[in-house]
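Heads up, upload_34.cif below (mmCIF, N, CA and C atoms):
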```cif
data_protein
#
loop_
_atom_site.group_PDB
_atom_site.id
_atom_site.type_symbol
_atom_site.label_atom_id
_atom_site.label_comp_id
_atom_site.auth_asym_id
_atom_site.auth_seq_id
_atom_site.Cartn_x
_atom_site.Cartn_y
_atom_site.Cartn_z
ATOM 1 N N MET W 1 0.828 -1.187 0.000
ATOM 2 C CA MET W 1 0.000 0.000 0.000
ATOM 3 C C MET W 1 0.874 1.253 0.000
ATOM 4 N N LYS W 2 0.640 2.159 -0.935
ATOM 5 C CA LYS W 2 1.411 3.398 -1.026
ATOM 6 C C LYS W 2 0.995 4.352 0.089
ATOM 7 N N PRO W 3 1.985 5.045 0.677
ATOM 8 C CA PRO W 3 1.636 6.053 1.685
ATOM 9 C C PRO W 3 0.911 7.224 1.028
ATOM 10 N N ASP W 4 0.089 7.896 1.806
ATOM 11 C CA ASP W 4 -0.654 9.056 1.319
ATOM 12 C C ASP W 4 0.248 10.282 1.429
ATOM 13 N N LEU W 5 0.935 10.620 0.328
ATOM 14 C CA LEU W 5 1.887 11.722 0.317
ATOM 15 C C LEU W 5 1.418 12.836 -0.595
ATOM 16 N N THR W 6 1.865 14.042 -0.269
ATOM 17 C CA THR W 6 1.632 15.156 -1.191
ATOM 18 C C THR W 6 2.568 14.975 -2.383
ATOM 19 N N GLU W 7 2.330 15.704 -3.436
ATOM 20 C CA GLU W 7 3.195 15.624 -4.614
ATOM 21 C C GLU W 7 4.632 16.015 -4.254
ATOM 22 N N GLU W 8 4.793 17.052 -3.443
ATOM 23 C CA GLU W 8 6.133 17.480 -3.026
ATOM 24 C C GLU W 8 6.830 16.386 -2.209
ATOM 25 N N GLN W 9 6.098 15.766 -1.289
ATOM 26 C CA GLN W 9 6.687 14.684 -0.494
ATOM 27 C C GLN W 9 7.105 13.523 -1.391
ATOM 28 N N ARG W 10 6.277 13.195 -2.357
ATOM 29 C CA ARG W 10 6.590 12.103 -3.279
ATOM 30 C C ARG W 10 7.836 12.443 -4.108
ATOM 31 N N GLU W 11 7.931 13.693 -4.579
ATOM 32 C CA GLU W 11 9.099 14.114 -5.343
ATOM 33 C C GLU W 11 10.366 14.047 -4.499
ATOM 34 N N GLN W 12 10.288 14.500 -3.257
ATOM 35 C CA GLN W 12 11.448 14.456 -2.370
ATOM 36 C C GLN W 12 11.848 13.018 -2.056
ATOM 37 N N ALA W 13 10.872 12.162 -1.831
ATOM 38 C CA ALA W 13 11.157 10.750 -1.571
ATOM 39 C C ALA W 13 11.825 10.106 -2.783
ATOM 40 N N THR W 14 11.342 10.436 -3.969
ATOM 41 C CA THR W 14 11.927 9.888 -5.197
ATOM 42 C C THR W 14 13.355 10.386 -5.383
ATOM 43 N N ALA W 15 13.566 11.667 -5.171
ATOM 44 C CA ALA W 15 14.911 12.233 -5.308
ATOM 45 C C ALA W 15 15.874 11.586 -4.313
ATOM 46 N N THR W 16 15.422 11.398 -3.084
ATOM 47 C CA THR W 16 16.255 10.763 -2.064
ATOM 48 C C THR W 16 16.572 9.327 -2.448
ATOM 49 N N ALA W 17 15.560 8.594 -2.889
ATOM 50 C CA ALA W 17 15.769 7.205 -3.301
ATOM 51 C C ALA W 17 16.767 7.128 -4.452
ATOM 52 N N ASN W 18 16.671 8.057 -5.399
ATOM 53 C CA ASN W 18 17.604 8.057 -6.530
ATOM 54 C C ASN W 18 19.035 8.327 -6.076
ATOM 55 N N LEU W 19 19.209 9.249 -5.133
ATOM 56 C CA LEU W 19 20.551 9.531 -4.603
ATOM 57 C C LEU W 19 21.127 8.315 -3.888
ATOM 58 N N VAL W 20 20.308 7.681 -3.073
ATOM 59 C CA VAL W 20 20.761 6.501 -2.336
ATOM 60 C C VAL W 20 21.107 5.374 -3.308
ATOM 61 N N ALA W 21 20.257 5.152 -4.301
ATOM 62 C CA ALA W 21 20.514 4.088 -5.274
ATOM 63 C C ALA W 21 21.814 4.337 -6.033
ATOM 64 N N ALA W 22 22.056 5.575 -6.422
ATOM 65 C CA ALA W 22 23.292 5.905 -7.135
ATOM 66 C C ALA W 22 24.514 5.690 -6.238
ATOM 67 N N ALA W 23 24.400 6.095 -4.995
ATOM 68 C CA ALA W 23 25.510 5.912 -4.061
ATOM 69 C C ALA W 23 25.767 4.427 -3.799
ATOM 70 N N MET W 24 24.701 3.658 -3.686
ATOM 71 C CA MET W 24 24.848 2.222 -3.452
ATOM 72 C C MET W 24 25.468 1.538 -4.670
ATOM 73 N N ALA W 25 25.082 1.951 -5.867
ATOM 74 C CA ALA W 25 25.664 1.371 -7.079
ATOM 75 C C ALA W 25 27.159 1.661 -7.142
ATOM 76 N N ARG W 26 27.524 2.885 -6.803
ATOM 77 C CA ARG W 26 28.947 3.245 -6.800
ATOM 78 C C ARG W 26 29.698 2.463 -5.726
ATOM 79 N N LEU W 27 29.113 2.366 -4.545
ATOM 80 C CA LEU W 27 29.733 1.605 -3.456
ATOM 81 C C LEU W 27 29.946 0.154 -3.878
ATOM 82 N N HIS W 28 28.942 -0.430 -4.506
ATOM 83 C CA HIS W 28 29.043 -1.819 -4.971
ATOM 84 C C HIS W 28 30.145 -1.956 -6.012
ATOM 85 N N ARG W 29 30.180 -1.055 -6.951
ATOM 86 C CA ARG W 29 31.179 -1.093 -8.017
ATOM 87 C C ARG W 29 32.598 -0.947 -7.460
ATOM 88 N N GLU W 30 32.768 -0.056 -6.485
ATOM 89 C CA GLU W 30 34.112 0.229 -5.977
ATOM 90 C C GLU W 30 34.554 -0.678 -4.836
ATOM 91 N N HIS W 31 33.562 -1.210 -4.054
ATOM 92 C CA HIS W 31 33.948 -1.944 -2.846
ATOM 93 C C HIS W 31 33.246 -3.282 -2.655
ATOM 94 N N GLY W 32 32.279 -3.603 -3.502
ATOM 95 C CA GLY W 32 31.674 -4.923 -3.460
ATOM 96 C C GLY W 32 30.418 -5.038 -2.607
ATOM 97 N N GLU W 33 29.862 -6.237 -2.680
ATOM 98 C CA GLU W 33 28.591 -6.557 -2.030
ATOM 99 C C GLU W 33 28.628 -6.380 -0.510
ATOM 100 N N ALA W 34 29.732 -6.784 0.118
ATOM 101 C CA ALA W 34 29.818 -6.688 1.579
ATOM 102 C C ALA W 34 29.694 -5.240 2.045
ATOM 103 N N ALA W 35 30.287 -4.313 1.304
ATOM 104 C CA ALA W 35 30.196 -2.903 1.669
ATOM 105 C C ALA W 35 28.765 -2.398 1.541
ATOM 106 N N VAL W 36 28.063 -2.855 0.500
ATOM 107 C CA VAL W 36 26.662 -2.460 0.319
ATOM 108 C C VAL W 36 25.817 -2.998 1.462
ATOM 109 N N MET W 37 26.029 -4.238 1.832
ATOM 110 C CA MET W 37 25.261 -4.830 2.930
ATOM 111 C C MET W 37 25.515 -4.084 4.245
ATOM 112 N N GLU W 38 26.755 -3.685 4.477
ATOM 113 C CA GLU W 38 27.075 -2.922 5.688
ATOM 114 C C GLU W 38 26.398 -1.557 5.651
ATOM 115 N N ALA W 39 26.401 -0.906 4.501
ATOM 116 C CA ALA W 39 25.726 0.386 4.375
ATOM 117 C C ALA W 39 24.237 0.236 4.650
ATOM 118 N N MET W 40 23.634 -0.816 4.133
ATOM 119 C CA MET W 40 22.203 -1.048 4.375
ATOM 120 C C MET W 40 21.935 -1.278 5.862
ATOM 121 N N ARG W 41 22.830 -2.017 6.518
ATOM 122 C CA ARG W 41 22.677 -2.257 7.959
ATOM 123 C C ARG W 41 22.772 -0.939 8.724
ATOM 124 N N LEU W 42 23.732 -0.106 8.340
ATOM 125 C CA LEU W 42 23.905 1.182 9.015
ATOM 126 C C LEU W 42 22.709 2.099 8.788
ATOM 127 N N ILE W 43 22.164 2.097 7.581
ATOM 128 C CA ILE W 43 20.975 2.900 7.301
ATOM 129 C C ILE W 43 19.811 2.428 8.156
ATOM 130 N N SER W 44 19.633 1.125 8.223
ATOM 131 C CA SER W 44 18.545 0.573 9.023
ATOM 132 C C SER W 44 18.687 0.952 10.499
ATOM 133 N N SER W 45 19.903 0.837 11.023
ATOM 134 C CA SER W 45 20.103 1.187 12.432
ATOM 135 C C SER W 45 19.948 2.683 12.653
ATOM 136 N N ALA W 46 20.326 3.472 11.648
ATOM 137 C CA ALA W 46 20.191 4.924 11.782
ATOM 138 C C ALA W 46 18.730 5.330 11.900
ATOM 139 N N MET W 47 17.862 4.609 11.254
ATOM 140 C CA MET W 47 16.444 4.950 11.300
ATOM 141 C C MET W 47 15.817 4.625 12.652
ATOM 142 N N THR W 48 16.497 3.840 13.471
ATOM 143 C CA THR W 48 15.970 3.532 14.802
ATOM 144 C C THR W 48 16.648 4.353 15.894
ATOM 145 N N ASP W 49 17.716 5.058 15.551
ATOM 146 C CA ASP W 49 18.459 5.881 16.506
ATOM 147 C C ASP W 49 18.137 7.344 16.214
ATOM 148 N N ASP W 50 17.357 7.977 17.096
ATOM 149 C CA ASP W 50 16.860 9.328 16.849
ATOM 150 C C ASP W 50 17.978 10.347 16.635
ATOM 151 N N ALA W 51 19.014 10.317 17.455
ATOM 152 C CA ALA W 51 20.101 11.288 17.319
ATOM 153 C C ALA W 51 20.827 11.087 15.986
ATOM 154 N N ARG W 52 21.061 9.848 15.627
ATOM 155 C CA ARG W 52 21.743 9.574 14.364
ATOM 156 C C ARG W 52 20.858 9.968 13.188
ATOM 157 N N ARG W 53 19.573 9.713 13.289
ATOM 158 C CA ARG W 53 18.635 10.078 12.226
ATOM 159 C C ARG W 53 18.645 11.593 12.016
ATOM 160 N N LYS W 54 18.656 12.355 13.106
ATOM 161 C CA LYS W 54 18.681 13.814 12.994
ATOM 162 C C LYS W 54 19.990 14.290 12.378
ATOM 163 N N SER W 55 21.090 13.654 12.740
ATOM 164 C CA SER W 55 22.385 14.011 12.184
ATOM 165 C C SER W 55 22.424 13.745 10.679
ATOM 166 N N ILE W 56 21.894 12.608 10.265
ATOM 167 C CA ILE W 56 21.847 12.273 8.836
ATOM 168 C C ILE W 56 20.942 13.241 8.096
ATOM 169 N N ALA W 57 19.805 13.549 8.677
ATOM 170 C CA ALA W 57 18.876 14.483 8.040
ATOM 171 C C ALA W 57 19.530 15.846 7.846
ATOM 172 N N GLN W 58 20.268 16.307 8.844
ATOM 173 C CA GLN W 58 20.943 17.598 8.723
ATOM 174 C C GLN W 58 22.010 17.549 7.643
ATOM 175 N N ALA W 59 22.762 16.451 7.572
ATOM 176 C CA ALA W 59 23.784 16.316 6.531
ATOM 177 C C ALA W 59 23.146 16.337 5.147
ATOM 178 N N LEU W 60 22.012 15.676 5.003
ATOM 179 C CA LEU W 60 21.310 15.686 3.721
ATOM 180 C C LEU W 60 20.855 17.090 3.369
ATOM 181 N N LEU W 61 20.320 17.814 4.341
ATOM 182 C CA LEU W 61 19.894 19.189 4.093
ATOM 183 C C LEU W 61 21.083 20.067 3.707
ATOM 184 N N ASP W 62 22.183 19.902 4.417
ATOM 185 C CA ASP W 62 23.384 20.684 4.110
ATOM 186 C C ASP W 62 23.867 20.405 2.696
ATOM 187 N N ASN W 63 23.828 19.151 2.286
ATOM 188 C CA ASN W 63 24.310 18.773 0.956
ATOM 189 C C ASN W 63 23.335 19.152 -0.151
ATOM 190 N N SER W 64 22.059 19.282 0.176
ATOM 191 C CA SER W 64 21.082 19.614 -0.853
ATOM 192 C C SER W 64 20.950 21.116 -1.059
ATOM 193 N N ASN W 65 21.545 21.901 -0.177
ATOM 194 C CA ASN W 65 21.496 23.355 -0.287
ATOM 195 C C ASN W 65 22.908 23.922 -0.377
ATOM 196 N N PRO W 66 23.562 23.727 -1.518
ATOM 197 C CA PRO W 66 24.936 24.233 -1.637
ATOM 198 C C PRO W 66 24.960 25.750 -1.574
ATOM 199 N N PRO W 67 26.102 26.315 -1.206
ATOM 200 C CA PRO W 67 26.212 27.784 -1.150
ATOM 201 C C PRO W 67 25.873 28.390 -2.503
ATOM 202 N N THR W 68 25.247 29.550 -2.473
ATOM 203 C CA THR W 68 24.855 30.206 -3.715
ATOM 204 C C THR W 68 26.006 30.944 -4.364
ATOM 205 N N GLU W 69 26.999 31.345 -3.586
ATOM 206 C CA GLU W 69 28.158 32.036 -4.144
ATOM 207 C C GLU W 69 29.240 31.021 -4.430
ATOM 208 N N SER W 70 29.855 31.120 -5.609
ATOM 209 C CA SER W 70 30.947 30.214 -5.927
ATOM 210 C C SER W 70 32.257 30.867 -5.552
ATOM 211 N N SER W 71 33.163 30.048 -5.039
ATOM 212 C CA SER W 71 34.477 30.585 -4.682
ATOM 213 C C SER W 71 35.386 30.465 -5.885
ATOM 214 N N SER W 72 36.008 31.571 -6.262
ATOM 215 C CA SER W 72 36.864 31.582 -7.451
ATOM 216 C C SER W 72 38.310 31.731 -7.072
#
```

Write-out of the structure in structure tokens:
Amino acid sequence: MKPDLTEEQREQATATANLVAAAMARLHREHGEAAVMEAMRLISSAMTDDARRKSIAQALLDNSNPPTESSS
């Protein structure tokens, strides 16, 4: 059953899933299946640890909002 999400929530969820999938594909290519399995375990544990979840969420926000001024 699909969750009842707004269009914006669905777009953000899709964008996040695409980023994670790309990172996992790269991790698999560069470091193998065991590294992917460990990353999945860490993600799962992060979702049950409130402080870690907040830290990850902040890192994602920081990375999704790059500075507007470029350093030359």

**Report entry** Sel. of alpha helix (DSSP H) residues, chain W, as a count of residues only
**Finding:** 54

Report task. Would you mind reading off the distance between CA of Leu27 (chain W) and atom C of Ala39 (chain W), one decimal, in Å? Result -> 9.9 Å

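For the atom pair formed by CA of Val36 (chain W) and CA of Ala15 (chain W), the distance is 19.6 Å, given to one decimal.
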
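In this model, the gap between CA of Arg53 (chain W) and CA of Arg41 (chain W) comes to 13.7 Å.
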
Requested in this report: Please evaluate the PyMOL selection byres (((chain W and resi 22-25 and name CA) around 12) and name CA) against the displayed coordinates and give the resulting residues as a list in words.
Outcome: Ala15, Thr16, Ala17, Asn18, Leu19, Val20, Ala21, Arg26, Leu27, His28, Arg29, Glu30, His31, Gly32, Glu33, Ala34, Ala35, Val36, Met37, Glu38, Ala39, Met40 and Ile43 of chain W

Edge lengths and centre in Å to one decimal, as AutoDock Vina command-line options, is what I'm after for the box along x, y and z that holds all listed atoms of region 20-38 of chain W once 8 Å is added on each side.
```
--center_x 27.4 --center_y 0.4 --center_z -1.2 --size_x 30.3 --size_y 30.5 --size_z 29.7
```
